[in-house]
Structure formats: C-alpha cells, structure tokens
Amino acid sequence: MVLKYFIAVAVLFTSVTIAQAHTPLCSCFDNGDETITCEGGFSDGSSAAGVAVRVETMAETVLVDGQMNEDSEFTFDRPKGDYFVMFDAGEGHKIKVPGKEIVE
Amino acid sequence: MKKKLVSFLVGAAIVGSAAMASAHFQMIYTPEMAMTKGGKIPLKLVFTHPFEAGHTMDMGRPEQFFVVRTRGENSPKRIDLLDTLQQITWTSLTNSGQAWETVYRARGGDHIFCLLPEPYWEEADSYYIQQNTKVIVNVGGEPGAWNEPVGLPTEIVPLAKPYDRWTGNVFQGRVLLNGEPVANAEVEVEYMNHKPLLGSNSFAEEAEVEAPQRSFVLQTIFADKNGVFTFGIPKAGWWGFAALDLDQNYQYKGKKCSRDAVIWLQAKDMK
C-alpha cells in the first residue's frame, strides 16, 4: 500500500518535472509589407496559443497588446521607431526580441 | 541439419543483399541543419560518393521535391519546391555531374525536405537506383513533426532529431517501406568527408579524415526486426544513412530498381 503510494507520488513528480522542462521560444520575421510576424512556442513543441504578446517602445510604452493565435503566431504593423516584442508566457518564460534584430 | 540449412539460406540472402551495396548517396545539402534564425538557405541536390568526393552521377529531373514545414502543434504544411529547382554542374574530385539547386526561405520549426529522384541507371550493375531522401532543418529550436513519417514509398523515420546530435551520441532511425517497418534492412553509413563548397558547386579537395582501410569508407549495419538501426556518431559533421533495396521486386522501365531510403544528420562537437 505504501509502495503503491510512493510510486504514484514519484510518477506525479516525474510528470511535473517533464512538464516544466520546456523553455519558451519566439522568433519574429519582417514580412516585407510593413508587417511583422512573430512565432511563439516551447522547446517541447507545445502550443503557445493564447500567450500574451506586447510590442513596446524602448521606454516600455505598450504600442500593441495581443496574444498568439491558434497557430501560435502574432502579426502586427511595424512601428516607426525603435521597439521590442515581449513574448510573455509568465514569470521565467519571457522573451524579448529587439526590433533591430527582426529581418526577412 | 535444419538449423544449418536456415543458416545457409540466411547467409545467401545476406550475400544477395550485399551485392546491392553501392556507396552512392543522394545528398540534400545546406550548410546548417540547426539554424538559430530563419532566412534564405541554399539547397544542393547531388548524387555522389561523399566520403571520397568520388564519382558524381548525373541526376535527371526529380520526380518530386518538396518540404513539409511543421512547428509545435500546428498542422504540417507541404510546399512543392520542384519548380524552383535550377540545374547545376557539381564537381567532385574525379568528375562532374548534373545536379540541382534552389533557395528556400525558412522560418521557425522543422522543415522536412523530401526528394524522390528520377531513378538512376547504374550501367555497371545493370539496375536502377532510386534513393528517396530526407533532410530536416530546424530553425530556432522549436520542434515539429520530425519523428513522424512523411509517407514516402521508402523512408527512414528518425528516432532522434538529426539536427541536435552531439558527437558521441547515438542516432536511431526506423526503415519503412510503404509505411511498414523493414526487418533486418541493410543500411550503409558514410561520412561527408570533403566539405561542399557552395560557391563553386564542388567538394573541397582536402579530406577531414583518412580511412585506415576500405571497410571504413562505407560502413554497413543492419536494422533489427522492427526496422530500427542504431549508430554511434564518432565525429562532427554530416553522416548519411542509406537503407538499400527495400522493395526487392520493384522494377522501373522493365528493369530491376533498388529502391532505397536516405537520411542525413549533422553532429556537433561539445565545446
């Protein structure tokens, strides 16, 4: 009985560990038509649908506030000045992509 | 007695298979399988002998060339690349042969490039060779359906990502014919020993390693009863795996055709 309980708990902890082993990923591309598309995801291949995405000025003024669509993509009009994209999947799961690094 | 007969028959089958050994390798080459950022990537399709940068065979126009892009849990998207191919001449250390090239724009995830070449008539052996080939390029580290069959007639499905192998890792693949595992499939393994030079469409003259004996040029291993083969990777670079003659009664234009499946990996040193 105790052994069964131990195994169940061990399995539970193992599962939790696996679930937390992923890291966030976000790549952005210039579509060449004044728009930018960002693709979000996780290193274990799980979906980023619904994850918050913000486009901010370097002074952290939010220009666009949105979320990844069902294909884990987010497209927005390219801002005029310097900016960055924040992929925000929660504490420890954020990625900042500087606008200067976004190319076709 | 019965056991001896079985042994003899198995031996004969192995010798028969060995006669198909070719060392021909269909390449789909681009410099980097694991890209940190997306962008345009060159692709060279060359049918050659990569360890020795030896005889390069003339490739006809491929029957199919396409990419399956998958990213995370998104549905796979197939993009036909056949019409983008341009004919080139590839120069090895011994001759030149007709090959093909294109440029592809890669974004995030897995890009599974698939080539079904026109069968090549091997005059010396009086049979055709068709090596259906896969190369998987990943951008950004987000995986897709790299471990799923694409559905090629002959195919090697990787059981480890071919783009994330450290030197010293093992690589496993499952050999399929029409989606079914091929028990005991014979698999040739060869190292890309001369760097492809994309500017000149040729191999570098300098070799990375020297084979101490002919056996090391082309290694032969066998899959198990589930069609799974295993290979330990001794050196960084590109390694090719060719499962041979998977459909032994297959004919093309009334002649024997060795229907093979090829996959490549790119290993990196830990440093």
# chains A, B, ... in the order shown; residues from 1 in each chain; ligands from 1
>>> select_by_dssp(residues="stretch 9-83 of chain A", states="strand (DSSP E or B)", output="short mmCIF file (atom, residue, chain, number, x, y, z; two decimals) with C-alpha atoms, in the first residue's frame")
data_model
loop_
_atom_site.label_atom_id
_atom_site.label_comp_id
_atom_site.auth_asym_id
_atom_site.auth_seq_id
_atom_site.Cartn_x
_atom_site.Cartn_y
_atom_site.Cartn_z
CA PRO A 24 9.91 29.50 -24.31
CA LEU A 25 10.86 30.32 -27.89
CA CYS A 26 9.92 33.27 -30.03
CA SER A 27 11.16 34.25 -33.49
CA CYS A 28 9.98 37.29 -35.42
CA PHE A 29 10.19 37.95 -39.15
CA ASP A 30 9.73 41.01 -41.33
CA THR A 35 4.14 43.97 -41.08
CA ILE A 36 5.98 41.69 -38.64
CA THR A 37 5.01 38.13 -37.74
CA CYS A 38 6.19 36.54 -34.52
CA GLU A 39 6.08 32.78 -34.00
CA GLY A 40 5.95 31.58 -30.42
CA GLY A 41 6.32 28.15 -28.93
CA PHE A 42 8.14 25.95 -26.48
CA ALA A 52 0.43 37.30 -24.27
CA VAL A 53 2.50 39.34 -26.73
CA ARG A 54 3.27 43.04 -26.43
CA VAL A 55 5.01 45.45 -28.76
CA GLU A 56 6.68 48.16 -26.71
CA THR A 57 8.85 51.21 -27.24
CA VAL A 62 2.92 49.47 -24.90
CA LEU A 63 2.13 50.02 -28.59
CA VAL A 64 0.30 46.77 -29.28
CA ASP A 65 -1.16 44.37 -26.75
CA GLY A 66 -2.26 40.99 -28.06
CA GLN A 67 -1.86 37.26 -27.87
CA GLU A 73 1.54 33.41 -34.41
CA PHE A 74 1.09 37.13 -33.92
CA THR A 75 1.23 39.69 -36.75
CA PHE A 76 1.36 43.46 -36.27
CA ASP A 77 2.17 46.63 -38.23
CA TYR A 83 10.75 48.86 -30.39
#
>>> interface_residues(of="chain B", to="chain A", cutoff="6 Å", atoms="only C-alpha atoms", output="PyMOL selection string")
chain B and resi 72-74+142-143
>>> write_last_selection(atoms="N, CA, C and O atoms", output="short mmCIF file (atom, residue, chain, number, x, y, z; two decimals), in the first residue's frame")
data_model
loop_
_atom_site.label_atom_id
_atom_site.label_comp_id
_atom_site.auth_asym_id
_atom_site.auth_seq_id
_atom_site.Cartn_x
_atom_site.Cartn_y
_atom_site.Cartn_z
N GLY B 72 5.73 23.11 -33.67
CA GLY B 72 4.90 22.87 -32.49
C GLY B 72 3.73 21.96 -32.81
O GLY B 72 3.90 20.92 -33.44
N GLU B 73 2.56 22.38 -32.37
CA GLU B 73 1.36 21.56 -32.58
C GLU B 73 0.59 21.97 -33.84
O GLU B 73 -0.50 21.46 -34.09
N ASN B 74 1.17 22.89 -34.63
CA ASN B 74 0.48 23.32 -35.85
C ASN B 74 0.40 22.18 -36.85
O ASN B 74 1.24 21.28 -36.87
N GLU B 142 12.45 25.16 -31.94
CA GLU B 142 11.10 24.64 -31.67
C GLU B 142 10.85 23.44 -32.57
O GLU B 142 10.87 23.58 -33.79
N PRO B 143 10.61 22.28 -31.99
CA PRO B 143 10.46 21.08 -32.83
C PRO B 143 9.09 21.00 -33.48
O PRO B 143 8.12 21.63 -33.03
#
>>> closest_residue(among="B:Ala267, B:Leu43, B:Ile156, B:Ala34", to="B:Gly227", atoms="only C-alpha atoms")
B:Ile156
>>> residues_around(residues="B:Leu244", least_positions_apart="4", cutoff="7 Å", atoms="only C-alpha atoms", output="CSV table (one decimal) with all heavy atoms, in the first residue's frame")
chain,number,residue,atom,x,y,z
B,186,GLU,N,19.3,-3.6,-44.7
B,186,GLU,CA,20.8,-3.3,-44.7
B,186,GLU,C,20.9,-1.7,-44.9
B,186,GLU,O,20.3,-1.1,-45.8
B,186,GLU,CB,21.4,-4.0,-45.9
B,186,GLU,CG,22.9,-3.7,-46.1
B,186,GLU,CD,23.4,-4.3,-47.4
B,186,GLU,OE1,22.7,-5.0,-48.1
B,186,GLU,OE2,24.6,-4.1,-47.6
B,187,VAL,N,21.8,-1.2,-44.0
B,187,VAL,CA,21.9,0.3,-44.0
B,187,VAL,C,23.4,0.6,-44.2
B,187,VAL,O,24.2,0.2,-43.4
B,187,VAL,CB,21.4,0.9,-42.7
B,187,VAL,CG1,21.6,2.4,-42.7
B,187,VAL,CG2,19.9,0.6,-42.5
B,258,SER,N,16.7,-0.6,-57.4
B,258,SER,CA,16.9,-0.6,-56.0
B,258,SER,C,16.3,0.6,-55.4
B,258,SER,O,16.7,1.7,-55.6
B,258,SER,CB,18.4,-0.6,-55.7
B,258,SER,OG,18.7,-0.6,-54.3
B,259,ARG,N,15.2,0.3,-54.6
B,259,ARG,CA,14.5,1.4,-54.0
B,259,ARG,C,15.1,1.7,-52.6
B,259,ARG,O,14.8,0.9,-51.7
B,259,ARG,CB,13.0,1.1,-53.9
B,259,ARG,CG,12.1,2.0,-54.6
B,259,ARG,CD,10.7,1.5,-54.5
B,259,ARG,NE,9.8,2.5,-55.0
B,259,ARG,CZ,8.5,2.4,-54.9
B,259,ARG,NH1,7.9,1.4,-54.3
B,259,ARG,NH2,7.7,3.4,-55.3
B,260,ASP,N,15.8,2.7,-52.4
B,260,ASP,CA,16.5,3.0,-51.2
B,260,ASP,C,15.8,4.1,-50.4
B,260,ASP,O,15.0,4.9,-51.0
B,260,ASP,CB,18.0,3.4,-51.5
B,260,ASP,CG,18.7,2.3,-52.4
B,260,ASP,OD1,18.2,1.2,-52.5
B,260,ASP,OD2,19.7,2.7,-52.9
B,261,ALA,N,16.2,4.3,-49.2
B,261,ALA,CA,15.8,5.4,-48.3
B,261,ALA,C,17.0,6.0,-47.7
B,261,ALA,O,17.9,5.3,-47.1
B,261,ALA,CB,14.8,5.0,-47.3
>>> residues_around(residues="B:Ile136", least_positions_apart="3", cutoff="9 Å", atoms="only C-alpha atoms", output="PyMOL selection string")
chain B and resi 33-34+110-114+146+161-163+263-265
>>> write_last_selection(atoms="N, CA, C and O atoms", output="PDB file, in the first residue's frame")
ATOM      1  N   MET B  33      21.954  22.509 -40.422  1.00  0.00           N
ATOM      2  CA  MET B  33      20.657  21.887 -40.137  1.00  0.00           C
ATOM      3  C   MET B  33      19.958  22.517 -38.940  1.00  0.00           C
ATOM      4  O   MET B  33      18.739  22.429 -38.820  1.00  0.00           O
ATOM      5  N   ALA B  34      20.723  23.098 -38.027  1.00  0.00           N
ATOM      6  CA  ALA B  34      20.140  23.697 -36.812  1.00  0.00           C
ATOM      7  C   ALA B  34      20.420  25.196 -36.841  1.00  0.00           C
ATOM      8  O   ALA B  34      21.463  25.661 -36.376  1.00  0.00           O
ATOM      9  N   ASP B 110      10.481  22.820 -37.780  1.00  0.00           N
ATOM     10  CA  ASP B 110      11.120  21.782 -38.602  1.00  0.00           C
ATOM     11  C   ASP B 110      10.718  21.943 -40.068  1.00  0.00           C
ATOM     12  O   ASP B 110       9.540  22.161 -40.375  1.00  0.00           O
ATOM     13  N   HIS B 111      11.701  21.787 -40.915  1.00  0.00           N
ATOM     14  CA  HIS B 111      11.475  21.800 -42.362  1.00  0.00           C
ATOM     15  C   HIS B 111      12.003  20.471 -42.895  1.00  0.00           C
ATOM     16  O   HIS B 111      13.219  20.257 -42.924  1.00  0.00           O
ATOM     17  N   ILE B 112      11.101  19.584 -43.243  1.00  0.00           N
ATOM     18  CA  ILE B 112      11.499  18.242 -43.684  1.00  0.00           C
ATOM     19  C   ILE B 112      11.554  18.233 -45.210  1.00  0.00           C
ATOM     20  O   ILE B 112      10.514  18.192 -45.883  1.00  0.00           O
ATOM     21  N   PHE B 113      12.769  18.318 -45.737  1.00  0.00           N
ATOM     22  CA  PHE B 113      12.946  18.325 -47.188  1.00  0.00           C
ATOM     23  C   PHE B 113      12.922  16.882 -47.696  1.00  0.00           C
ATOM     24  O   PHE B 113      13.629  16.015 -47.151  1.00  0.00           O
ATOM     25  N   CYS B 114      12.127  16.660 -48.724  1.00  0.00           N
ATOM     26  CA  CYS B 114      11.939  15.309 -49.252  1.00  0.00           C
ATOM     27  C   CYS B 114      12.197  15.291 -50.751  1.00  0.00           C
ATOM     28  O   CYS B 114      11.625  16.104 -51.486  1.00  0.00           O
ATOM     29  N   TRP B 146       9.245  16.049 -36.672  1.00  0.00           N
ATOM     30  CA  TRP B 146      10.454  15.424 -37.225  1.00  0.00           C
ATOM     31  C   TRP B 146      10.425  13.899 -37.109  1.00  0.00           C
ATOM     32  O   TRP B 146      11.076  13.215 -37.885  1.00  0.00           O
ATOM     33  N   LYS B 161      16.422  13.568 -33.081  1.00  0.00           N
ATOM     34  CA  LYS B 161      16.472  14.680 -34.045  1.00  0.00           C
ATOM     35  C   LYS B 161      17.799  14.636 -34.797  1.00  0.00           C
ATOM     36  O   LYS B 161      18.870  14.686 -34.166  1.00  0.00           O
ATOM     37  N   PRO B 162      17.758  14.583 -36.105  1.00  0.00           N
ATOM     38  CA  PRO B 162      19.019  14.512 -36.859  1.00  0.00           C
ATOM     39  C   PRO B 162      19.820  15.810 -36.799  1.00  0.00           C
ATOM     40  O   PRO B 162      20.978  15.832 -37.194  1.00  0.00           O
ATOM     41  N   TYR B 163      19.199  16.869 -36.279  1.00  0.00           N
ATOM     42  CA  TYR B 163      19.893  18.160 -36.237  1.00  0.00           C
ATOM     43  C   TYR B 163      20.399  18.523 -34.848  1.00  0.00           C
ATOM     44  O   TYR B 163      20.955  19.593 -34.654  1.00  0.00           O
ATOM     45  N   ILE B 263      18.690   9.239 -45.189  1.00  0.00           N
ATOM     46  CA  ILE B 263      18.533  10.382 -44.285  1.00  0.00           C
ATOM     47  C   ILE B 263      19.919  10.840 -43.853  1.00  0.00           C
ATOM     48  O   ILE B 263      20.860  10.036 -43.830  1.00  0.00           O
ATOM     49  N   TRP B 264      20.034  12.116 -43.571  1.00  0.00           N
ATOM     50  CA  TRP B 264      21.317  12.689 -43.140  1.00  0.00           C
ATOM     51  C   TRP B 264      21.165  13.303 -41.757  1.00  0.00           C
ATOM     52  O   TRP B 264      20.087  13.804 -41.400  1.00  0.00           O
ATOM     53  N   LEU B 265      22.250  13.290 -40.991  1.00  0.00           N
ATOM     54  CA  LEU B 265      22.294  14.054 -39.737  1.00  0.00           C
ATOM     55  C   LEU B 265      23.518  14.945 -39.758  1.00  0.00           C
ATOM     56  O   LEU B 265      24.455  14.726 -40.528  1.00  0.00           O
TER      57      LEU B 265
END
>>> atom_distance(atom1="atom CA of B:Cys257", atom2="atom CA of B:His49")
18.9 Å
>>> decode(residues="stretch 53-117 of chain B", atoms="C-alpha atoms", output="mmCIF file, in the first residue's frame")
data_model
loop_
_atom_site.group_PDB
_atom_site.id
_atom_site.type_symbol
_atom_site.label_atom_id
_atom_site.label_comp_id
_atom_site.auth_asym_id
_atom_site.auth_seq_id
_atom_site.Cartn_x
_atom_site.Cartn_y
_atom_site.Cartn_z
ATOM 1 C CA ALA B 53 34.144 13.029 -53.040
ATOM 2 C CA GLY B 54 34.165 10.410 -55.764
ATOM 3 C CA HIS B 55 32.151 9.829 -58.900
ATOM 4 C CA THR B 56 29.153 12.160 -59.137
ATOM 5 C CA MET B 57 26.224 10.722 -61.077
ATOM 6 C CA ASP B 58 24.048 12.759 -63.434
ATOM 7 C CA MET B 59 20.683 13.440 -61.842
ATOM 8 C CA GLY B 60 17.644 13.642 -64.061
ATOM 9 C CA ARG B 61 14.809 15.963 -63.170
ATOM 10 C CA PRO B 62 13.490 14.697 -59.808
ATOM 11 C CA GLU B 63 10.054 13.136 -59.659
ATOM 12 C CA GLN B 64 9.247 15.109 -56.507
ATOM 13 C CA PHE B 65 10.959 17.668 -54.307
ATOM 14 C CA PHE B 66 9.020 19.277 -51.511
ATOM 15 C CA VAL B 67 9.254 20.416 -47.920
ATOM 16 C CA VAL B 68 6.915 19.690 -45.041
ATOM 17 C CA ARG B 69 7.010 22.519 -42.550
ATOM 18 C CA THR B 70 5.852 21.740 -39.028
ATOM 19 C CA ARG B 71 6.116 23.855 -35.921
ATOM 20 C CA GLY B 72 4.901 22.873 -32.492
ATOM 21 C CA GLU B 73 1.363 21.555 -32.585
ATOM 22 C CA ASN B 74 0.484 23.324 -35.850
ATOM 23 C CA SER B 75 -0.738 21.209 -38.767
ATOM 24 C CA PRO B 76 2.019 20.255 -41.227
ATOM 25 C CA LYS B 77 2.174 22.320 -44.413
ATOM 26 C CA ARG B 78 3.533 20.815 -47.600
ATOM 27 C CA ILE B 79 5.215 23.189 -50.053
ATOM 28 C CA ASP B 80 6.170 21.947 -53.522
ATOM 29 C CA LEU B 81 9.693 23.024 -54.495
ATOM 30 C CA LEU B 82 10.068 21.090 -57.751
ATOM 31 C CA ASP B 83 9.522 24.114 -59.989
ATOM 32 C CA THR B 84 12.102 26.142 -58.083
ATOM 33 C CA LEU B 85 14.954 23.773 -58.978
ATOM 34 C CA GLN B 86 17.747 25.019 -61.222
ATOM 35 C CA GLN B 87 20.146 22.676 -62.956
ATOM 36 C CA ILE B 88 23.807 22.929 -61.963
ATOM 37 C CA THR B 89 27.015 21.008 -62.539
ATOM 38 C CA TRP B 90 28.610 19.568 -59.413
ATOM 39 C CA THR B 91 32.327 18.837 -59.493
ATOM 40 C CA SER B 92 33.797 16.045 -57.403
ATOM 41 C CA LEU B 93 37.454 15.071 -57.230
ATOM 42 C CA THR B 94 37.088 12.671 -60.159
ATOM 43 C CA ASN B 95 34.410 14.089 -62.485
ATOM 44 C CA SER B 96 31.452 16.421 -62.829
ATOM 45 C CA GLY B 97 27.775 15.507 -62.846
ATOM 46 C CA GLN B 98 24.398 17.135 -63.312
ATOM 47 C CA ALA B 99 22.801 18.241 -60.059
ATOM 48 C CA TRP B 100 20.145 20.688 -58.869
ATOM 49 C CA GLU B 101 19.870 23.663 -56.564
ATOM 50 C CA THR B 102 17.330 26.021 -55.096
ATOM 51 C CA VAL B 103 16.969 28.617 -52.365
ATOM 52 C CA TYR B 104 14.346 28.297 -49.638
ATOM 53 C CA ARG B 105 13.150 30.793 -47.082
ATOM 54 C CA ALA B 106 12.982 29.074 -43.687
ATOM 55 C CA ARG B 107 11.103 30.336 -40.649
ATOM 56 C CA GLY B 108 10.683 28.644 -37.269
ATOM 57 C CA GLY B 109 10.302 24.919 -36.632
ATOM 58 C CA ASP B 110 11.120 21.782 -38.602
ATOM 59 C CA HIS B 111 11.475 21.800 -42.362
ATOM 60 C CA ILE B 112 11.499 18.242 -43.684
ATOM 61 C CA PHE B 113 12.946 18.325 -47.188
ATOM 62 C CA CYS B 114 11.939 15.309 -49.252
ATOM 63 C CA LEU B 115 13.394 14.252 -52.577
ATOM 64 C CA LEU B 116 12.170 11.482 -54.855
ATOM 65 C CA PRO B 117 14.800 11.480 -57.580
#
